[in-house]
Amino acid sequence: MFKELWESFTEALEGLGSVVHFLFRLVVNSPRALLRFSLISQQIFNSGAFSLVIIMLSGLFVGMVLGLQGFQLLQRFGSEEALGTAATIGLVKELGPVVTALLFAGRAGTALASELGLMRATDQISAMEMMAVDPIQRVVVPRFLGGVISMPLLAAIFSVIGIYGAQLVGVQIMGVDSGSFWSQMRAAVGLSDVTEGIVKSLVFGVACSLIAVYQGYYATPTAEGVGRATTRTVVTSAVVILFLDYLITAAFL
Amino acid sequence: MRKSRTLNLGTGSFVLLGFAALFFLTTQTTSRGLSWFGPPHYEVTAKFDNVGDLKVGAPVSMSGVEVGRVTRIDFDSNEYKAVVLLRLNERFNKIPTDSDASIYTQGLLGGKFIGLTAGGADTYLKDKSQIDFTQSAFVLENLIGQVLANFTKSKADEQRPAPADSKATEKTK
């Protein structure tokens, strides 16, 4: 039994090592891939613009729920005006980056993993190698960079729509004064809060895209293997995002 | 060709939307988004005995109109005073040199801000000048302490003459 434990432990270490190695390869290949920006732009379109609808809808509803809950809670202390502050700080620092990253893993991460997995299963990647085209540079890096670039933008859009949702519920429906909603928010939210959100979403962007691309690239080339790679992408991404979120929050305190 | 055009259009509008959102977050939800390339301004200093919980970025107002912001709070170790750097909008360049600066509280428990009251001098504040007349922050704890001290003192005063009073009432009986 100890032997099995030890084996699974070394296996996990091995996996971690190969992920780091893969990341290193991606970073080394990134400058050259940047020269062919049309490939990256296409991936930004695939993973960013196509995620826009789900991000905006979720942002709106998260913001509206924050507006309702925040109003209910703050009303007990007679300080409904702080709703703007509460909702904005919550959205910009936590909910924006984290929920966006989780949705991104579900929407774009799975697409990346299954696409690469299918390429592997149908021998497209081997074919590229045969033609002396580096699949990492031609296929993997653009997808990785596309995800990294899309994530902060998506998180920012999520936060803005969320603030609009909170404003919609708080000001339009519940009757919080619009002037104090915005002015208290401006007085209490600092540039550092926004920076923290951006740093978080950048880190999540790297983590999510890396996991998706890695799982897809090294998927077992069978239908079952591609399915497993997709599932693993979502599960690993979710855990890693929440873990990193704790680390970054602690680092910024 | 057509396909790549719609693709570029889509990517472009997505990136534009993202940056618009980032711009909104940095400028509209925070207090000092564009201060480094904001309107023309000049800076004056003011020394306070106690700034309370005055924060960098707090507004500076005159008659309730915002004329600038607090950009830095330092400590002068020679005079044991807090040095506050105020960045005032160039539009408000006719503030007399003998104006006084006081620290007020927004609302009952709100943040602190600096209120300027115009003096009567003919010369005006300009860059790097100093406001000499200042009034420190109103610290709630000190006030509560004073009220409590007064309260206990007056209670002690009340208790001392009390026995005499009761004797007097007994005598009248």
# chains A, B, ... in the order shown; residues from 1 in each chain; ligands from 1

$ interface_residues --of "chain B" --to "chain A" --cutoff "10 Å" --atoms "only C-alpha atoms" --output "number ranges by chain"
B: 4, 7-33, 55, 57-59, 110-111

$ residues_around --residues "segment 136-146 of chain A" --least-positions-apart "2" --cutoff "10 Å" --atoms "only C-alpha atoms" --output "JSON, numbers by chain"
{"A": [22, 23, 25, 26, 27, 28, 29, 30, 31, 32, 33, 34, 36, 37, 38, 39, 40, 41, 42, 43, 44, 45, 46, 47, 48, 109, 112, 116, 119, 125, 128, 129, 133, 134, 148, 149, 150, 151, 205, 206, 207, 208, 209, 210, 211, 212, 213, 214, 216, 217]}

$ select_by_dssp --residues "segment 25-156 of chain B" --states "strand (DSSP E)" --output "number ranges by chain"
B: 41-48, 59-62, 65-76, 81-89, 100-105, 112-117, 130-131, 133-135

$ write_last_selection --atoms "C-alpha atoms" --output "PDB file, in the first residue's frame"
ATOM      1  CA  HIS B  41      -2.535  71.729 -11.208  1.00  0.00           C
ATOM      2  CA  TYR B  42      -0.239  73.220  -8.579  1.00  0.00           C
ATOM      3  CA  GLU B  43       0.849  71.793  -5.254  1.00  0.00           C
ATOM      4  CA  VAL B  44       0.801  73.365  -1.814  1.00  0.00           C
ATOM      5  CA  THR B  45       1.675  71.921   1.586  1.00  0.00           C
ATOM      6  CA  ALA B  46      -0.034  72.200   4.947  1.00  0.00           C
ATOM      7  CA  LYS B  47       1.217  71.042   8.352  1.00  0.00           C
ATOM      8  CA  PHE B  48      -1.215  69.490  10.782  1.00  0.00           C
ATOM      9  CA  PRO B  59     -10.730  65.460  -1.705  1.00  0.00           C
ATOM     10  CA  VAL B  60      -9.833  69.075  -0.904  1.00  0.00           C
ATOM     11  CA  SER B  61     -12.870  71.292  -1.033  1.00  0.00           C
ATOM     12  CA  MET B  62     -13.747  74.959  -0.726  1.00  0.00           C
ATOM     13  CA  VAL B  65     -16.712  72.384  -4.149  1.00  0.00           C
ATOM     14  CA  GLU B  66     -13.877  69.994  -4.882  1.00  0.00           C
ATOM     15  CA  VAL B  67     -10.762  71.977  -5.833  1.00  0.00           C
ATOM     16  CA  GLY B  68      -8.098  69.302  -5.497  1.00  0.00           C
ATOM     17  CA  ARG B  69      -6.881  66.125  -3.830  1.00  0.00           C
ATOM     18  CA  VAL B  70      -4.433  64.996  -1.181  1.00  0.00           C
ATOM     19  CA  THR B  71      -1.434  63.472  -2.945  1.00  0.00           C
ATOM     20  CA  ARG B  72       0.959  62.675  -0.131  1.00  0.00           C
ATOM     21  CA  ILE B  73       1.081  62.543   3.665  1.00  0.00           C
ATOM     22  CA  ASP B  74       4.496  62.768   5.322  1.00  0.00           C
ATOM     23  CA  PHE B  75       5.802  63.194   8.834  1.00  0.00           C
ATOM     24  CA  ASP B  76       8.071  66.101   9.739  1.00  0.00           C
ATOM     25  CA  LYS B  81       3.803  67.362  12.549  1.00  0.00           C
ATOM     26  CA  ALA B  82       2.124  65.723   9.606  1.00  0.00           C
ATOM     27  CA  VAL B  83       2.921  67.329   6.261  1.00  0.00           C
ATOM     28  CA  VAL B  84       0.106  67.004   3.753  1.00  0.00           C
ATOM     29  CA  LEU B  85       0.691  67.672   0.074  1.00  0.00           C
ATOM     30  CA  LEU B  86      -2.376  69.097  -1.661  1.00  0.00           C
ATOM     31  CA  ARG B  87      -2.719  69.104  -5.421  1.00  0.00           C
ATOM     32  CA  LEU B  88      -5.048  71.916  -6.416  1.00  0.00           C
ATOM     33  CA  ASN B  89      -6.630  72.420  -9.806  1.00  0.00           C
ATOM     34  CA  ASP B 100      -6.968  78.052   6.569  1.00  0.00           C
ATOM     35  CA  ALA B 101      -7.150  74.310   6.061  1.00  0.00           C
ATOM     36  CA  SER B 102      -9.140  72.054   8.383  1.00  0.00           C
ATOM     37  CA  ILE B 103      -9.791  68.353   8.341  1.00  0.00           C
ATOM     38  CA  TYR B 104     -13.460  67.430   8.338  1.00  0.00           C
ATOM     39  CA  THR B 105     -15.364  64.162   8.280  1.00  0.00           C
ATOM     40  CA  LYS B 112     -11.872  62.566   6.068  1.00  0.00           C
ATOM     41  CA  PHE B 113     -11.453  65.474   3.679  1.00  0.00           C
ATOM     42  CA  ILE B 114      -9.722  68.849   3.805  1.00  0.00           C
ATOM     43  CA  GLY B 115     -11.815  71.986   3.748  1.00  0.00           C
ATOM     44  CA  LEU B 116     -10.222  75.312   2.802  1.00  0.00           C
ATOM     45  CA  THR B 117     -11.694  78.570   4.060  1.00  0.00           C
ATOM     46  CA  GLN B 130       2.455  76.565   2.396  1.00  0.00           C
ATOM     47  CA  ILE B 131      -0.843  77.005   4.202  1.00  0.00           C
ATOM     48  CA  PHE B 133      -3.333  78.165   9.416  1.00  0.00           C
ATOM     49  CA  THR B 134      -4.439  74.613   9.953  1.00  0.00           C
ATOM     50  CA  GLN B 135      -6.854  72.828  12.197  1.00  0.00           C
TER      51      GLN B 135
END

$ residues_around --residues "Thr97 of chain B" --least-positions-apart "3" --cutoff "9 Å" --atoms "only C-alpha atoms" --output "list in words"
Asp100, Ala118, Gly119, Gly120, Ala121, Asp122, Thr123, Tyr124, Leu125, Lys126, Ser129, Gln130, Ile131 and Asp132 of chain B

$ select_by_dssp --residues "segment 39-168 of chain B" --states "helix (DSSP H, G or I)" --output "list in words"
Leu140, Glu141, Asn142, Leu143, Ile144, Gly145, Gln146, Val147, Leu148, Ala149, Asn150, Phe151, Thr152, Lys153, Ser154, Lys155, Ala156, Asp157, Glu158, Gln159, Pro161, Ala162, Pro163, Ala164, Asp165, Ser166, Lys167 and Ala168 of chain B

$ residues_around --residues "Asp177 of chain A" --least-positions-apart "5" --cutoff "12 Å" --atoms "only C-alpha atoms" --output "list in words"
Ser79, Glu80, Glu81, Ala82, Leu83, Gly84, Gln167, Leu168, Val169, Gly170, Val171, Gln172, Trp182, Ser183 and Gln184 of chain A

$ write_last_selection --atoms "C-alpha atoms" --output "short mmCIF file (atom, residue, chain, number, x, y, z; two decimals), in the first residue's frame"
data_model
loop_
_atom_site.label_atom_id
_atom_site.label_comp_id
_atom_site.auth_asym_id
_atom_site.auth_seq_id
_atom_site.Cartn_x
_atom_site.Cartn_y
_atom_site.Cartn_z
CA SER A 79 -25.81 52.02 5.10
CA GLU A 80 -27.27 51.01 1.74
CA GLU A 81 -25.11 53.68 0.11
CA ALA A 82 -22.06 51.45 0.65
CA LEU A 83 -23.58 48.99 -1.83
CA GLY A 84 -21.54 50.42 -4.69
CA GLN A 167 -26.36 49.32 -10.03
CA LEU A 168 -29.47 48.07 -11.83
CA VAL A 169 -30.78 46.26 -8.76
CA GLY A 170 -29.48 48.66 -6.11
CA VAL A 171 -30.28 52.00 -7.70
CA GLN A 172 -33.10 51.30 -10.15
CA TRP A 182 -21.00 56.06 -7.35
CA SER A 183 -19.21 58.60 -5.16
CA GLN A 184 -18.72 56.21 -2.24
#

$ closest_residue --among "A:Ile173, A:Leu118, A:Leu103, A:Leu253" --to "Val53 of chain A" --atoms "only C-alpha atoms"
A:Leu103

$ atom_distance --atom1 "atom CA of Leu91 of chain A" --atom2 "atom CA of Gly78 of chain A"
22.2 Å

$ atom_distance --atom1 "atom CA of Ile55 of chain A" --atom2 "atom CA of Thr110 of chain A"
15.6 Å

$ closest_residue --among "A:Lys200, A:His21, A:Arg76, A:Lys3" --to "Pro97 of chain A" --atoms "only C-alpha atoms"
A:Lys200

$ residues_around --residues "Asn50 of chain B" --least-positions-apart "2" --cutoff "6 Å" --atoms "only C-alpha atoms" --output "list of chain:residue names"
B:Phe48, B:Gly52, B:Ser136, B:Ala137

$ write_last_selection --atoms "N, CA and C atoms" --output "PDB file, in the first residue's frame"
ATOM      1  N   PHE B  48      -0.162  69.721   9.794  1.00  0.00           N
ATOM      2  CA  PHE B  48      -1.215  69.490  10.782  1.00  0.00           C
ATOM      3  C   PHE B  48      -0.625  68.817  12.012  1.00  0.00           C
ATOM      4  N   GLY B  52      -5.519  62.466  11.736  1.00  0.00           N
ATOM      5  CA  GLY B  52      -6.534  61.422  11.916  1.00  0.00           C
ATOM      6  C   GLY B  52      -6.356  60.340  10.880  1.00  0.00           C
ATOM      7  N   SER B 136      -6.505  70.635  13.156  1.00  0.00           N
ATOM      8  CA  SER B 136      -6.327  69.195  13.092  1.00  0.00           C
ATOM      9  C   SER B 136      -7.638  68.445  12.922  1.00  0.00           C
ATOM     10  N   ALA B 137      -7.475  67.165  12.668  1.00  0.00           N
ATOM     11  CA  ALA B 137      -8.645  66.314  12.517  1.00  0.00           C
ATOM     12  C   ALA B 137      -9.371  66.208  13.854  1.00  0.00           C
TER      13      ALA B 137
END

$ atom_distance --atom1 "atom CA of Ile54 of chain A" --atom2 "atom CA of Ala250 of chain A"
29.2 Å

$ decode --residues "segment 18-166 of chain B" --atoms "C-alpha atoms" --output "compact mmCIF listing (two decimals), in the first residue's frame"
# COMPACT_ATOMS: atom_id res chain seq x y z
CA GLY B 18 -11.99 44.59 -23.20
CA PHE B 19 -9.80 47.65 -23.06
CA ALA B 20 -12.84 49.89 -22.74
CA ALA B 21 -13.85 47.82 -19.72
CA LEU B 22 -10.35 48.12 -18.23
CA PHE B 23 -10.43 51.86 -18.83
CA PHE B 24 -13.82 52.11 -17.12
CA LEU B 25 -12.55 50.13 -14.12
CA THR B 26 -9.43 52.24 -13.67
CA THR B 27 -11.00 55.65 -14.21
CA GLN B 28 -14.66 55.43 -13.26
CA THR B 29 -14.64 53.19 -10.21
CA THR B 30 -11.50 54.57 -8.56
CA SER B 31 -10.83 57.97 -7.13
CA ARG B 32 -7.53 58.83 -8.78
CA GLY B 33 -7.58 57.19 -12.13
CA LEU B 34 -6.21 59.91 -14.36
CA SER B 35 -4.36 62.05 -11.84
CA TRP B 36 -1.02 61.76 -13.62
CA PHE B 37 -2.34 63.29 -16.79
CA GLY B 38 -5.25 65.12 -15.26
CA PRO B 39 -6.00 68.83 -15.51
CA PRO B 40 -3.21 71.36 -14.88
CA HIS B 41 -2.53 71.73 -11.21
CA TYR B 42 -0.24 73.22 -8.58
CA GLU B 43 0.85 71.79 -5.25
CA VAL B 44 0.80 73.36 -1.81
CA THR B 45 1.67 71.92 1.59
CA ALA B 46 -0.03 72.20 4.95
CA LYS B 47 1.22 71.04 8.35
CA PHE B 48 -1.21 69.49 10.78
CA ASP B 49 -0.79 68.40 14.40
CA ASN B 50 -2.94 65.38 13.71
CA VAL B 51 -4.40 64.19 10.42
CA GLY B 52 -6.53 61.42 11.92
CA ASP B 53 -7.29 58.84 9.27
CA LEU B 54 -6.91 61.20 6.33
CA LYS B 55 -6.04 59.16 3.25
CA VAL B 56 -4.06 59.90 0.13
CA GLY B 57 -6.62 60.69 -2.58
CA ALA B 58 -9.02 62.43 -0.18
CA PRO B 59 -10.73 65.46 -1.70
CA VAL B 60 -9.83 69.08 -0.90
CA SER B 61 -12.87 71.29 -1.03
CA MET B 62 -13.75 74.96 -0.73
CA SER B 63 -17.32 75.84 0.16
CA GLY B 64 -18.15 72.21 -0.62
CA VAL B 65 -16.71 72.38 -4.15
CA GLU B 66 -13.88 69.99 -4.88
CA VAL B 67 -10.76 71.98 -5.83
CA GLY B 68 -8.10 69.30 -5.50
CA ARG B 69 -6.88 66.13 -3.83
CA VAL B 70 -4.43 65.00 -1.18
CA THR B 71 -1.43 63.47 -2.94
CA ARG B 72 0.96 62.68 -0.13
CA ILE B 73 1.08 62.54 3.67
CA ASP B 74 4.50 62.77 5.32
CA PHE B 75 5.80 63.19 8.83
CA ASP B 76 8.07 66.10 9.74
CA SER B 77 10.36 64.69 12.42
CA ASN B 78 11.70 68.14 13.40
CA GLU B 79 8.37 69.68 14.24
CA TYR B 80 6.53 66.41 14.97
CA LYS B 81 3.80 67.36 12.55
CA ALA B 82 2.12 65.72 9.61
CA VAL B 83 2.92 67.33 6.26
CA VAL B 84 0.11 67.00 3.75
CA LEU B 85 0.69 67.67 0.07
CA LEU B 86 -2.38 69.10 -1.66
CA ARG B 87 -2.72 69.10 -5.42
CA LEU B 88 -5.05 71.92 -6.42
CA ASN B 89 -6.63 72.42 -9.81
CA GLU B 90 -5.08 75.31 -11.76
CA ARG B 91 -8.58 76.71 -12.31
CA PHE B 92 -8.74 77.64 -8.64
CA ASN B 93 -5.62 79.81 -8.52
CA LYS B 94 -7.07 82.68 -6.51
CA ILE B 95 -6.92 81.19 -3.04
CA PRO B 96 -5.55 83.79 -0.57
CA THR B 97 -2.30 82.87 1.19
CA ASP B 98 -3.86 83.28 4.63
CA SER B 99 -6.61 80.74 3.96
CA ASP B 100 -6.97 78.05 6.57
CA ALA B 101 -7.15 74.31 6.06
CA SER B 102 -9.14 72.05 8.38
CA ILE B 103 -9.79 68.35 8.34
CA TYR B 104 -13.46 67.43 8.34
CA THR B 105 -15.36 64.16 8.28
CA GLN B 106 -17.79 63.23 5.52
CA GLY B 107 -21.01 62.18 7.17
CA LEU B 108 -20.95 60.68 10.62
CA LEU B 109 -18.46 57.89 10.01
CA GLY B 110 -17.34 58.72 6.49
CA GLY B 111 -13.82 59.40 5.28
CA LYS B 112 -11.87 62.57 6.07
CA PHE B 113 -11.45 65.47 3.68
CA ILE B 114 -9.72 68.85 3.80
CA GLY B 115 -11.82 71.99 3.75
CA LEU B 116 -10.22 75.31 2.80
CA THR B 117 -11.69 78.57 4.06
CA ALA B 118 -10.66 81.68 2.16
CA GLY B 119 -8.73 84.37 4.00
CA GLY B 120 -8.46 88.03 3.12
CA ALA B 121 -4.94 88.47 1.79
CA ASP B 122 -4.25 90.00 -1.61
CA THR B 123 -1.59 87.44 -2.50
CA TYR B 124 -2.62 84.03 -3.73
CA LEU B 125 -1.32 80.52 -3.13
CA LYS B 126 0.98 79.24 -5.84
CA ASP B 127 3.08 76.14 -6.46
CA LYS B 128 5.18 75.04 -3.44
CA SER B 129 3.63 77.56 -1.04
CA GLN B 130 2.46 76.56 2.40
CA ILE B 131 -0.84 77.00 4.20
CA ASP B 132 0.02 78.27 7.70
CA PHE B 133 -3.33 78.17 9.42
CA THR B 134 -4.44 74.61 9.95
CA GLN B 135 -6.85 72.83 12.20
CA SER B 136 -6.33 69.19 13.09
CA ALA B 137 -8.64 66.31 12.52
CA PHE B 138 -11.48 65.88 14.89
CA VAL B 139 -10.70 62.58 16.59
CA LEU B 140 -13.81 60.90 17.89
CA GLU B 141 -11.96 58.99 20.62
CA ASN B 142 -10.57 62.22 22.15
CA LEU B 143 -14.02 63.74 22.20
CA ILE B 144 -15.53 60.66 23.82
CA GLY B 145 -12.70 60.72 26.35
CA GLN B 146 -13.42 64.36 27.18
CA VAL B 147 -17.14 63.78 27.46
CA LEU B 148 -16.56 60.81 29.76
CA ALA B 149 -14.13 62.82 31.91
CA ASN B 150 -16.65 65.65 32.22
CA PHE B 151 -19.40 63.18 32.95
CA THR B 152 -17.56 61.43 35.77
CA LYS B 153 -16.43 64.77 37.19
CA SER B 154 -19.94 66.17 37.24
CA LYS B 155 -21.21 62.95 38.76
CA ALA B 156 -18.60 63.22 41.52
CA ASP B 157 -19.65 66.83 42.08
CA GLU B 158 -23.24 65.77 42.34
CA GLN B 159 -22.53 63.03 44.85
CA ARG B 160 -20.59 65.23 47.25
CA PRO B 161 -23.29 67.78 48.04
CA ALA B 162 -25.93 65.07 48.00
CA PRO B 163 -25.65 64.07 51.72
CA ALA B 164 -25.88 67.73 52.75
CA ASP B 165 -29.02 68.04 50.71
CA SER B 166 -30.61 65.02 52.34
